[in-house]
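Dumped target.txt below, it's compact mmCIF, C-alpha atoms:
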```txt
# COMPACT_ATOMS: atom_id res chain seq x y z
CA MET A 23 -38.03 -82.85 50.71
CA VAL A 24 -40.46 -79.93 50.70
CA LYS A 25 -43.11 -80.45 53.37
CA LEU A 26 -45.04 -77.22 53.61
CA THR A 27 -45.36 -73.91 51.76
CA LEU A 28 -46.91 -70.66 52.98
CA ILE A 29 -47.16 -67.21 51.37
CA ALA A 30 -47.99 -64.09 53.42
CA ARG A 31 -48.01 -60.30 53.12
CA VAL A 32 -45.17 -58.79 55.13
CA THR A 33 -46.88 -55.56 56.21
CA ASP A 34 -49.55 -57.28 58.33
CA GLY A 35 -48.73 -61.02 58.23
CA LEU A 36 -51.92 -61.80 56.29
CA PRO A 37 -51.74 -65.34 54.82
CA LEU A 38 -52.25 -65.12 51.06
CA ALA A 39 -51.81 -68.72 49.89
CA GLU A 40 -50.77 -72.11 51.15
CA GLY A 41 -49.61 -75.37 49.65
CA LEU A 42 -52.33 -77.67 50.93
CA ASP A 43 -50.76 -80.56 52.83
CA SER A 44 -50.76 -83.75 50.76
CA ASP A 45 -48.77 -85.74 53.35
CA LYS A 46 -51.57 -86.91 55.66
CA GLU A 47 -49.25 -89.15 57.68
CA GLN A 48 -47.50 -86.19 59.28
CA ASP A 49 -49.01 -83.52 61.50
CA LEU A 50 -47.45 -80.25 60.39
CA GLU A 51 -49.84 -77.95 62.26
CA TYR A 52 -47.17 -77.25 64.87
CA TYR A 53 -44.80 -75.93 62.19
CA LYS A 54 -47.58 -73.97 60.47
CA GLN A 55 -48.10 -72.11 63.73
CA GLN A 56 -44.37 -71.39 63.95
CA ALA A 57 -44.47 -69.95 60.43
CA LYS A 58 -47.52 -67.79 61.18
CA THR A 59 -45.89 -66.50 64.37
CA LEU A 60 -42.85 -65.63 62.28
CA PHE A 61 -45.06 -63.68 59.84
CA LYS A 62 -46.52 -61.69 62.74
CA LYS A 63 -43.02 -60.93 64.02
CA MET A 64 -42.05 -59.62 60.58
CA SER A 65 -45.07 -57.31 60.43
CA SER A 66 -44.52 -55.79 63.88
CA GLY A 67 -40.75 -55.49 64.09
CA PRO A 68 -37.93 -53.86 62.10
CA PRO A 69 -37.59 -54.79 58.41
CA PRO A 70 -36.56 -58.47 58.29
CA PRO A 71 -33.70 -59.85 56.14
CA SER A 72 -34.80 -60.66 52.60
CA ARG A 73 -33.69 -64.29 53.07
CA MET A 74 -33.30 -66.39 56.16
CA SER A 75 -33.26 -70.02 57.29
CA TYR A 76 -34.39 -71.29 60.69
CA GLU A 77 -33.75 -74.60 62.38
CA SER A 78 -36.83 -76.22 63.91
CA GLY A 79 -36.47 -79.78 65.17
CA PRO A 80 -35.97 -82.16 62.23
CA TYR A 81 -36.74 -79.40 59.70
CA TYR A 82 -35.58 -76.08 58.31
CA LEU A 83 -37.83 -73.12 57.60
CA HIS A 84 -36.52 -71.18 54.59
CA TYR A 85 -38.03 -67.91 53.43
CA LEU A 86 -37.47 -65.14 50.92
CA ILE A 87 -39.14 -61.74 50.77
CA GLU A 88 -39.81 -59.97 47.49
CA GLY A 89 -42.25 -57.19 46.65
CA GLY A 90 -43.69 -57.08 50.17
CA VAL A 91 -44.52 -60.81 50.14
CA CYS A 92 -42.87 -63.57 52.16
CA TYR A 93 -42.54 -67.01 50.56
CA LEU A 94 -41.77 -69.70 53.14
CA THR A 95 -41.19 -73.44 52.93
CA LEU A 96 -40.57 -76.18 55.48
CA CYS A 97 -38.03 -78.82 54.39
CA ASP A 98 -36.25 -81.82 55.86
CA ARG A 99 -32.88 -80.97 57.42
CA GLY A 100 -31.06 -82.88 54.70
CA TYR A 101 -32.80 -81.09 51.83
CA PRO A 102 -30.33 -78.87 49.88
CA LYS A 103 -30.67 -75.17 50.69
CA LYS A 104 -29.99 -74.25 47.06
CA LEU A 105 -33.01 -76.23 45.87
CA ALA A 106 -35.22 -74.81 48.62
CA TYR A 107 -34.46 -71.24 47.55
CA GLN A 108 -34.79 -71.99 43.85
CA TYR A 109 -38.19 -73.52 44.61
CA LEU A 110 -39.20 -70.34 46.45
CA GLU A 111 -37.90 -68.17 43.60
CA GLU A 112 -40.08 -70.06 41.09
CA LEU A 113 -43.11 -69.51 43.31
CA GLN A 114 -42.26 -65.83 43.71
CA ARG A 115 -42.01 -65.21 39.97
CA GLU A 116 -45.30 -66.91 39.18
CA PHE A 117 -47.21 -65.49 42.15
CA PHE A 118 -46.09 -61.94 41.37
CA SER A 119 -46.92 -62.42 37.69
CA GLN A 120 -50.45 -63.58 38.48
CA ASN A 121 -51.39 -61.38 41.43
CA GLN A 122 -49.18 -58.28 41.65
CA SER A 123 -52.07 -55.84 41.19
CA GLN A 124 -54.08 -57.32 44.09
CA ILE A 125 -51.43 -58.10 46.70
CA GLU A 126 -51.77 -54.81 48.59
CA THR A 127 -55.57 -54.58 48.43
CA VAL A 128 -56.89 -58.02 49.47
CA ALA A 129 -58.33 -58.14 53.00
CA ARG A 130 -59.38 -61.74 53.56
CA PRO A 131 -56.93 -64.54 54.43
CA TYR A 132 -55.98 -67.00 51.68
CA ALA A 133 -57.42 -64.80 48.95
CA PHE A 134 -55.13 -66.59 46.46
CA ILE A 135 -55.74 -70.16 47.66
CA LYS A 136 -56.09 -71.29 44.03
CA PHE A 137 -52.35 -70.71 43.70
CA ASP A 138 -52.04 -74.08 45.46
CA THR A 139 -52.34 -75.71 42.02
CA PHE A 140 -49.05 -74.11 40.93
CA ILE A 141 -47.44 -74.81 44.31
CA GLN A 142 -48.23 -78.53 44.08
CA LYS A 143 -47.03 -78.75 40.47
CA THR A 144 -43.74 -77.01 41.31
CA LYS A 145 -43.30 -78.98 44.55
CA ARG A 146 -43.38 -82.26 42.60
CA LEU A 147 -40.47 -81.06 40.47
CA TYR A 148 -38.35 -80.56 43.61
CA LEU A 149 -39.24 -83.74 45.50
CA ASP A 150 -36.39 -85.89 44.18
CA THR A 151 -33.02 -84.18 44.56
CA ARG A 152 -31.36 -86.81 42.33
CA THR A 153 -33.14 -85.92 39.10
CA GLN A 154 -30.90 -84.45 36.42
CA ARG A 155 -32.88 -81.22 36.52
CA ASN A 156 -32.25 -80.74 40.24
CA LEU A 157 -28.62 -81.86 40.02
CA ASN A 158 -28.06 -79.19 37.37
CA LYS A 159 -29.72 -76.59 39.58
CA MET A 160 -27.48 -77.47 42.52
CA ASN A 161 -24.42 -77.04 40.31
CA GLU A 162 -25.44 -73.51 39.35
CA GLU A 163 -23.51 -70.71 40.99
CA LEU A 164 -25.65 -69.29 43.76
CA ALA A 165 -23.14 -67.50 45.96
CA GLU A 166 -25.84 -65.57 47.81
CA VAL A 167 -27.36 -68.81 49.11
CA GLN A 168 -24.15 -69.62 50.98
CA GLN A 169 -24.37 -66.25 52.73
CA ILE A 170 -27.95 -66.69 54.00
CA MET A 171 -27.98 -66.66 57.79
CA THR A 172 -29.30 -69.68 59.68
CA ARG A 173 -30.82 -69.25 63.14
CA ASN A 174 -32.85 -71.32 65.57
CA ILE A 175 -36.58 -70.62 65.40
CA GLN A 176 -36.72 -70.34 69.22
CA GLU A 177 -34.56 -67.21 69.04
CA VAL A 178 -37.17 -65.50 66.89
CA LEU A 179 -40.27 -66.44 68.82
CA GLY A 180 -39.04 -64.28 71.71
CA GLN A 181 -40.06 -64.09 75.34
CA GLY A 182 -43.62 -65.17 75.93
CA GLU A 183 -43.74 -66.84 72.51
CA LYS A 184 -41.55 -69.87 73.05
CA LEU A 185 -42.38 -73.25 71.65
CA ASP A 186 -44.74 -74.16 74.48
CA HIS A 187 -46.83 -71.13 73.58
CA VAL A 188 -46.90 -72.14 69.93
CA SER A 189 -47.95 -75.61 71.01
CA ARG A 190 -50.86 -74.16 72.99
CA MET A 191 -51.86 -72.07 70.00
CA SER A 192 -51.91 -75.21 67.87
CA SER A 193 -54.04 -77.08 70.43
CA ASN A 194 -56.47 -74.17 70.75
CA LEU A 195 -56.76 -73.88 66.99
CA SER A 196 -57.52 -77.58 66.71
CA MET A 197 -60.21 -77.33 69.41
CA GLU A 198 -61.79 -74.28 67.76
CA SER A 199 -61.78 -76.04 64.42
CA LYS A 200 -63.62 -79.04 65.88
CA LYS A 201 -66.10 -76.76 67.64
CA TYR A 202 -66.94 -74.91 64.43
CA GLU A 203 -67.20 -78.19 62.54
CA ARG A 204 -69.79 -79.47 65.05
CA ARG A 205 -71.63 -76.15 64.86
CA ALA A 206 -71.72 -76.36 61.05
CA LYS A 207 -73.18 -79.88 61.23
CA ASP A 208 -75.84 -78.73 63.71
CA LEU A 209 -76.81 -75.83 61.47
CA SER A 210 -76.99 -78.13 58.46
CA ARG A 211 -79.23 -80.55 60.35
CA GLN A 212 -81.49 -77.73 61.52
CA ALA A 213 -81.76 -76.42 57.97
CA LEU A 214 -82.84 -79.85 56.71
CA ILE A 215 -85.47 -80.16 59.47
CA LYS A 216 -86.80 -76.69 58.69
CA LYS A 217 -86.92 -77.47 54.98
CA TYR A 218 -88.73 -80.80 55.18
CA MET A 219 -90.87 -80.36 58.32
CA PRO A 220 -93.87 -78.79 56.47
CA LEU A 221 -93.79 -81.66 53.96
CA ALA A 222 -93.67 -84.22 56.77
CA VAL A 223 -96.63 -82.57 58.52
CA VAL A 224 -98.72 -82.53 55.35
CA LEU A 225 -97.83 -86.16 54.61
CA GLY A 226 -98.74 -87.13 58.18
CA LEU A 227 -102.13 -85.42 57.89
CA VAL A 228 -102.82 -87.16 54.57
CA LEU A 229 -101.95 -90.55 56.04
CA LEU A 230 -104.10 -89.82 59.09
CA PHE A 231 -107.01 -88.83 56.84
CA ILE A 232 -106.64 -92.05 54.81
CA PHE A 233 -106.50 -94.11 57.99
CA PHE A 234 -109.73 -92.60 59.40
CA ARG A 235 -111.46 -92.62 56.00
CA TYR A 236 -110.86 -96.25 55.13
CA TYR A 237 -110.29 -98.03 58.44
CA VAL A 238 -112.15 -96.14 61.15
CA LEU A 239 -115.21 -94.85 59.28
CA ALA A 240 -115.52 -97.81 56.93
```

Starting from the file, lay out its structure as structure tokens.
Amino acid sequence: MVKLTLIARVTDGLPLAEGLDSDKEQDLEYYKQQAKTLFKKMSSGPPPPSRMSYESGPYYLHYLIEGGVCYLTLCDRGYPKKLAYQYLEELQREFFSQNQSQIETVARPYAFIKFDTFIQKTKRLYLDTRTQRNLNKMNEELAEVQQIMTRNIQEVLGQGEKLDHVSRMSSNLSMESKKYERRAKDLSRQALIKKYMPLAVVLGLVLLFIFFRYYVLA
């Protein structure tokens, strides 16, 4: 089944959209980092193949490149390659239709995060390989799918970027995320104190005045 979907610009590896993870029981951060490392490799090396599949533990990473954009999905090993690439082709057609005029100009990561709505809707259609719709798709002639090369992801990460490095990147990212989350909470708390402190001071003075007026001076 489809586990993860990422879309990035090939020229610089900028993430454009992501299928937000709905499977909270599995930690896919490790594989997200592999995908992002792969995007960086594409942007800095020779032109990559337009389609490729990579083995990574119990999963396969499948991608296709069209119009300067890479569409990548992480699937179980047993998930049919034909369906994986048809899923990516559906995403490619819709994404290009919606955003073609902005793809080359956006500068911030995940500028098209709202595309997740279409990703999730399409992903649900491909979850069950036994539906008649998906059985029909697998029976379609897709000769080019059989010719797509499959490699091990470790071959691509290269020297100095092996899996242990990706693992460290994942750990560092998690630590940074927690640090910024704590910082955001501190800032929020400080903002509340700053907002309500004058009111608290005034209320305290009023109460103090009432206390002296009716209990001390009475």

Point to revise | For Thr27 of chain A, the nearest of the candidates A:Tyr148, A:Tyr81, A:Tyr93, A:Tyr218, counting all atoms listed in the file | key: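 Selected residue with least distance to Thr27 of chain A: A:Tyr93.
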
Point to revise | Contacts of Leu86 of chain A at 9 Å (only C-alpha atoms; same-chain gap of 6+ positions) as a PyMOL selection string | key: chain A and resi 71-74+92-94+107+110-111+114

Exercise for review: Rank nothing, just name the residue among A:Phe61, A:Phe234, A:Tyr85, A:Phe117 nearest to Pro37 of chain A, using only C-alpha atoms.
Suggested key: A:Phe61

Practice item. Do a neighbour search on segment 126-140 of chain A at 8 Å with all atoms listed in the file, toss out local chain neighbours closer than 5 positions, and write the hits as a VMD selection string. Key: chain A and resid 36 to 42 113 117

Review point. So how far away is atom CA of Leu221 of chain A from atom CA of Leu209 of chain A, in Å?
Key: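 Going from atom CA of Leu209 of chain A over to atom CA of Leu221 of chain A covers 19.5 Å.
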
Review point. Taking all atoms listed in the file into account, which of A:Ala106, A:Val91, A:Val32, A:Leu214 comes nearest Gln122 of chain A?
Key: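 Selected residue with least distance to Gln122 of chain A: A:Val91.
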
**Study point:** Distance criterion (only C-alpha atoms): nearest to Gln56 of chain A out of A:Glu88, A:Thr153, A:Asn174, A:Val24
**Key:**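 Checking each of A:Glu88, A:Thr153, A:Asn174, A:Val24 against Gln56 of chain A, counting only C-alpha atoms, the winner is A:Asn174.
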
Review point. Hey, can you check how far atom CA of Gly100 of chain A sits from atom CA of Ala30 of chain A?
Key: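 Taking atom CA of Gly100 of chain A and atom CA of Ala30 of chain A, their separation equals 25.3 Å.
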
Give me the residues within 12 Å of Lys25 of chain A as a PDB file with C-alpha atoms, in the frame of the given file, counting only C-alpha atoms and dropping any in the same chain fewer than 3 places off.
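Contents of selection_6.pdb, freshly written:
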```pdb
ATOM      1  CA  LEU A  28     -46.910 -70.660  52.980  1.00  0.00           C
ATOM      2  CA  GLU A  40     -50.770 -72.110  51.150  1.00  0.00           C
ATOM      3  CA  GLY A  41     -49.610 -75.370  49.650  1.00  0.00           C
ATOM      4  CA  LEU A  42     -52.330 -77.670  50.930  1.00  0.00           C
ATOM      5  CA  ASP A  43     -50.760 -80.560  52.830  1.00  0.00           C
ATOM      6  CA  SER A  44     -50.760 -83.750  50.760  1.00  0.00           C
ATOM      7  CA  ASP A  45     -48.770 -85.740  53.350  1.00  0.00           C
ATOM      8  CA  LYS A  46     -51.570 -86.910  55.660  1.00  0.00           C
ATOM      9  CA  GLU A  47     -49.250 -89.150  57.680  1.00  0.00           C
ATOM     10  CA  GLN A  48     -47.500 -86.190  59.280  1.00  0.00           C
ATOM     11  CA  ASP A  49     -49.010 -83.520  61.500  1.00  0.00           C
ATOM     12  CA  LEU A  50     -47.450 -80.250  60.390  1.00  0.00           C
ATOM     13  CA  GLU A  51     -49.840 -77.950  62.260  1.00  0.00           C
ATOM     14  CA  TYR A  53     -44.800 -75.930  62.190  1.00  0.00           C
ATOM     15  CA  LYS A  54     -47.580 -73.970  60.470  1.00  0.00           C
ATOM     16  CA  PRO A  80     -35.970 -82.160  62.230  1.00  0.00           C
ATOM     17  CA  TYR A  81     -36.740 -79.400  59.700  1.00  0.00           C
ATOM     18  CA  TYR A  82     -35.580 -76.080  58.310  1.00  0.00           C
ATOM     19  CA  LEU A  83     -37.830 -73.120  57.600  1.00  0.00           C
ATOM     20  CA  HIS A  84     -36.520 -71.180  54.590  1.00  0.00           C
ATOM     21  CA  LEU A  94     -41.770 -69.700  53.140  1.00  0.00           C
ATOM     22  CA  THR A  95     -41.190 -73.440  52.930  1.00  0.00           C
ATOM     23  CA  LEU A  96     -40.570 -76.180  55.480  1.00  0.00           C
ATOM     24  CA  CYS A  97     -38.030 -78.820  54.390  1.00  0.00           C
ATOM     25  CA  ASP A  98     -36.250 -81.820  55.860  1.00  0.00           C
ATOM     26  CA  ARG A  99     -32.880 -80.970  57.420  1.00  0.00           C
ATOM     27  CA  TYR A 101     -32.800 -81.090  51.830  1.00  0.00           C
ATOM     28  CA  ALA A 106     -35.220 -74.810  48.620  1.00  0.00           C
ATOM     29  CA  ILE A 141     -47.440 -74.810  44.310  1.00  0.00           C
ATOM     30  CA  GLN A 142     -48.230 -78.530  44.080  1.00  0.00           C
ATOM     31  CA  LYS A 145     -43.300 -78.980  44.550  1.00  0.00           C
ATOM     32  CA  ARG A 146     -43.380 -82.260  42.600  1.00  0.00           C
ATOM     33  CA  TYR A 148     -38.350 -80.560  43.610  1.00  0.00           C
ATOM     34  CA  LEU A 149     -39.240 -83.740  45.500  1.00  0.00           C
TER      35      LEU A 149
END
```

Exercise for review: Might you pull out every residue within 8 Å of Thr172 of chain A, with only C-alpha atoms counted and same-chain residues fewer than 5 positions away left off, and present them as a PyMOL selection string?
Suggested key: chain A and resi 74-77

Practice item. Would you work out the distance separating atom CA of Ile125 of chain A from atom CA of Leu105 of chain A, expressed in Å to one decimal? Key: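 Rounded to one decimal, the two atoms are 25.9 Å apart.
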
Enclose all atoms of segment 117-128 of chain A listed in the file in an axis-aligned box, grow every side by 5 Å, and hand back centre and edge lengths in Å to one decimal, as AutoDock Vina command-line options.
```
--center_x -51.5 --center_y -60.0 --center_z 43.6 --size_x 20.8 --size_y 20.9 --size_z 21.8
```
